[in-house]
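J.: Before we start, here is the structure in question, set down as structure tokens.
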Amino acid sequence: MPFPKRLIVALVLATATAAFAAPTSTAQQAAGSAQCENRETPPPPVDTSEQPAPGQKAPPSLEVPEKPIGGDRLGECGLILPPNSGQPPSGITAASWLLADMDSGAVIAAYDPHGRQRPASVIKVLLAMVVAKELRGDLVVTASAEDTQQECTCVGLKDGGQYTVRQLMHGLLLTSGNDVAHTLARQLGGVPNALRKMNAMAKELGALDTRAVTPSGLDAPGTSTSAYDVGLIFRGAMKYDEFAQAIKLQQAQFPGRNGGTIMLQNDNRLLANYQGALGGKTGFTDDSQHTYVGAAERNGRRLVVVLLRGQQTPTRIDAQASKLLDYGFAMGPGGVGKLVDGAPQPKPKVTTTQDASDTEDVAATDPRTGRPTPTAFGTVGLPITAVAGAGLLAGLLLFIRSKRAKAARARRQAAQSAQGF
């Protein structure tokens with residue numbers, strides 16, 4: 001029996017519907033969203049510190065995740081607030097900032113949180129986190145001449161002087177010693193190896209905007225971080241007791257260069273001036289401008305605040321941090337995103353025991369994001385299949401209806417013949 005024409009038409013329509021139902025590409029989706037000024041790289045440098053050495057090239061910019069880490073809203077460039085929230089305090093000069101709950105990880109307010117900036121000395125928090133993870137606090141380290149020759153700010157290490165890792169941690173976090181940062185990097189296997197460990201730690205945390213290029217935070221080609229990442233890193237570092245105990249000290253004794261001891265003073269003014277301050281880290285370079293990360297606790301609630309590329313006028317950067325913390329503690333528990341508990345992991349590819357020739361719709365995943373790769377029978381396969389099935393069903397119904405009509409006409413004609421008409 002020949003295939004019914006109506007069924008052929010229905011199948012053709014279903015096929016055409018599937019053919020034209022192409023998925024929206026990532027590029028098309030990106031084109032429809034606003035482009036943020038510092039989505040890929042920090043602003044241009046103002047000096048020559050980031051010029052590559054002769055014969056070398058600057059590293060390429062870090063890849064931008066397809067989906068913003070911590071939630072879709074955190075991909076926005078401007079002010080990000082929960083619904084019905086009051087406006088943040090005036091006088092915040094930072095180009096990028098973030099407020100988050102240290103315990104739940106909820107981001108409660110932010111401004112361009114994934115905008116890429118330079119960290120300056122707040123990158124020492126990442127170095128301190130690696131040190132706390134790998135080195136004993138009582139381990140004795142001998143300083144070298146190279147350590148003492150670093151571009152300062154410096155604690156004043158002595159060539160051949162001996163210090164415990166705990167003492168060096170105090171010099172790193174309280175007075176931001178670049179000489180100390182170099183000494184600790186050597187103890188981690190040398191500067192290149194220390195940087196590999198720092199960047200591996202950032203990636204493990206989910207800080208995908210961050211690339212450490214010096215252990216101290218001095219500017220160099222390829223340096224990058226974001227307010228979101230700095231908050232994520234500080235939250236992770238506070239889980240190490242060695243770090244948490246050091247960062248909250250207002251002062252600490254340190255071996256003097258000429259014998260005896262000197263007193264290190266913490267340059268984080270919030271420790272003395274803000275109720276419930278838990279510690280923090282300041283930073284400055286000509287390219288990064290002023291940076292800050294710190295935390296405080298009130299009524300059992302702990303908040304972390306980050307400010308990047310800020311100015312000291314008309315309000316000091318630590319005072320701006322105080323104003324944002326007050327604002328955060330006055331807000332409710334709602335949020336606009338989350339500090340993740342680790343880097344997003346790709347979903348495993350779907351496997352099948354069937355021969356590949358018999359497999360019709362195996363969904364592949366993007367190894368960077370874990371999201372299904374857009375294909376005609378992947379992310380939109382279900383609606384296409386549904387349309388095709390509906391078309392086929394409609395064709396079959398038309399065919400059955402036609403057959404029944406023909407049978408009815410045949411019965412009427414037979415009845416008429418039997419009656420002699």
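Residue numbering restarts at 1 for every chain of the structure tokens, chains are lettered A, B, ... in their displayed order, and ligands are numbered from 1 as they appear.
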Taking the DSSP secondary structure from the backbone, can you list the residues of stretch 217-285 of chain A that are strand (DSSP E or B), as a PyMOL selection string?
T.: chain A and resi 224-225+251-255+261-265+277-285
J.: Those selected residues, please, written with N, CA and C atoms and delivered as a CSV table (one decimal), in the first residue's frame.
T.:
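The file below, result02.csv, is the result:
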chain,number,residue,atom,x,y,z
A,224,SER,N,46.3,39.6,38.1
A,224,SER,CA,44.8,39.7,38.0
A,224,SER,C,44.1,39.2,39.3
A,225,THR,N,43.0,39.8,39.7
A,225,THR,CA,42.1,39.2,40.7
A,225,THR,C,40.8,39.9,40.6
A,251,GLN,N,49.9,43.7,67.3
A,251,GLN,CA,51.4,43.8,67.3
A,251,GLN,C,52.0,42.5,67.6
A,252,ALA,N,53.3,42.3,67.2
A,252,ALA,CA,54.0,41.1,67.5
A,252,ALA,C,55.5,41.3,67.6
A,253,GLN,N,56.2,40.6,68.4
A,253,GLN,CA,57.6,40.7,68.5
A,253,GLN,C,58.3,40.0,67.4
A,254,PHE,N,59.4,40.6,66.9
A,254,PHE,CA,60.1,40.0,65.8
A,254,PHE,C,61.6,40.2,66.0
A,255,PRO,N,62.4,39.2,65.6
A,255,PRO,CA,63.9,39.4,65.8
A,255,PRO,C,64.4,40.6,65.1
A,261,THR,N,64.9,42.3,69.9
A,261,THR,CA,63.6,42.2,69.2
A,261,THR,C,63.0,43.6,68.9
A,262,ILE,N,62.2,43.6,67.9
A,262,ILE,CA,61.5,44.8,67.5
A,262,ILE,C,60.0,44.5,67.6
A,263,MET,N,59.2,45.5,67.6
A,263,MET,CA,57.7,45.3,67.7
A,263,MET,C,57.1,45.6,66.4
A,264,LEU,N,56.5,44.7,65.8
A,264,LEU,CA,55.7,44.9,64.5
A,264,LEU,C,54.4,45.4,64.8
A,265,GLN,N,53.9,46.5,64.2
A,265,GLN,CA,52.6,47.0,64.3
A,265,GLN,C,51.7,46.7,63.1
A,277,ALA,N,36.3,43.6,64.9
A,277,ALA,CA,37.2,43.4,63.8
A,277,ALA,C,38.0,42.0,64.0
A,278,LEU,N,38.1,41.2,63.0
A,278,LEU,CA,38.7,39.9,63.0
A,278,LEU,C,40.1,39.9,62.3
A,279,GLY,N,40.4,41.0,61.6
A,279,GLY,CA,41.7,41.1,60.9
A,279,GLY,C,41.4,41.5,59.5
A,280,GLY,N,42.5,41.9,58.8
A,280,GLY,CA,42.4,42.2,57.4
A,280,GLY,C,43.8,42.5,56.8
A,281,LYS,N,43.8,42.9,55.5
A,281,LYS,CA,45.0,43.1,54.8
A,281,LYS,C,44.9,44.3,53.9
A,282,THR,N,45.8,45.2,53.9
A,282,THR,CA,45.8,46.4,53.0
A,282,THR,C,46.8,46.1,51.9
A,283,GLY,N,46.7,47.0,50.9
A,283,GLY,CA,47.7,46.9,49.7
A,283,GLY,C,47.7,48.2,48.9
A,284,PHE,N,48.8,48.4,48.3
A,284,PHE,CA,48.9,49.6,47.4
A,284,PHE,C,50.0,49.4,46.4
A,285,THR,N,49.8,49.7,45.1
A,285,THR,CA,50.8,49.9,44.1
A,285,THR,C,50.3,51.0,43.2
J.: Show me, as a list in words, the residues that have an atom within 10 Å of A:Gly334 when counting only C-alpha atoms, minus same-chain residues fewer than 4 positions from it.
T.: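 My reading of the contact set: Leu81, Pro82, Pro83, Ser85, Ala106, Val107, Ile108 and Ala109 of chain A.
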J.: Tell me which protein, DNA and RNA residues are within 10 Å of stretch 96-99 of chain A, counting only C-alpha atoms, leaving out same-chain ones fewer than 4 positions away, and put them as an MDAnalysis selection string.
T.: chainID A and resid 77:80 92 105:117 226:231 291:293 295 303:310 321 324:325 327:329 335
J.: Within 9 Å of A:Lys197, counting only C-alpha atoms, which residues qualify if same-chain residues fewer than 3 places away don't, as a list in words?
T.: Leu127, Val130, Leu188, Pro192, Asn193, Ala194, Ala200, Met201 and Ala202 of chain A
J.: Excluding stretch 49-60 of chain A and any residue of its chain fewer than 3 positions from it, enumerate the residues within 9 Å of it, using only C-alpha atoms, and give them as a VMD selection string.
T.: chain A and resid 45 to 46 63 218 to 223 287
J.: So, with only C-alpha atoms as the atoms that count, which of A:Gly177, A:Gly190, A:Gly71, A:Gly171 lies closest to A:Glu151?
T.: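 When distances to A:Glu151 are compared using only C-alpha atoms, the smallest one comes from A:Gly177.
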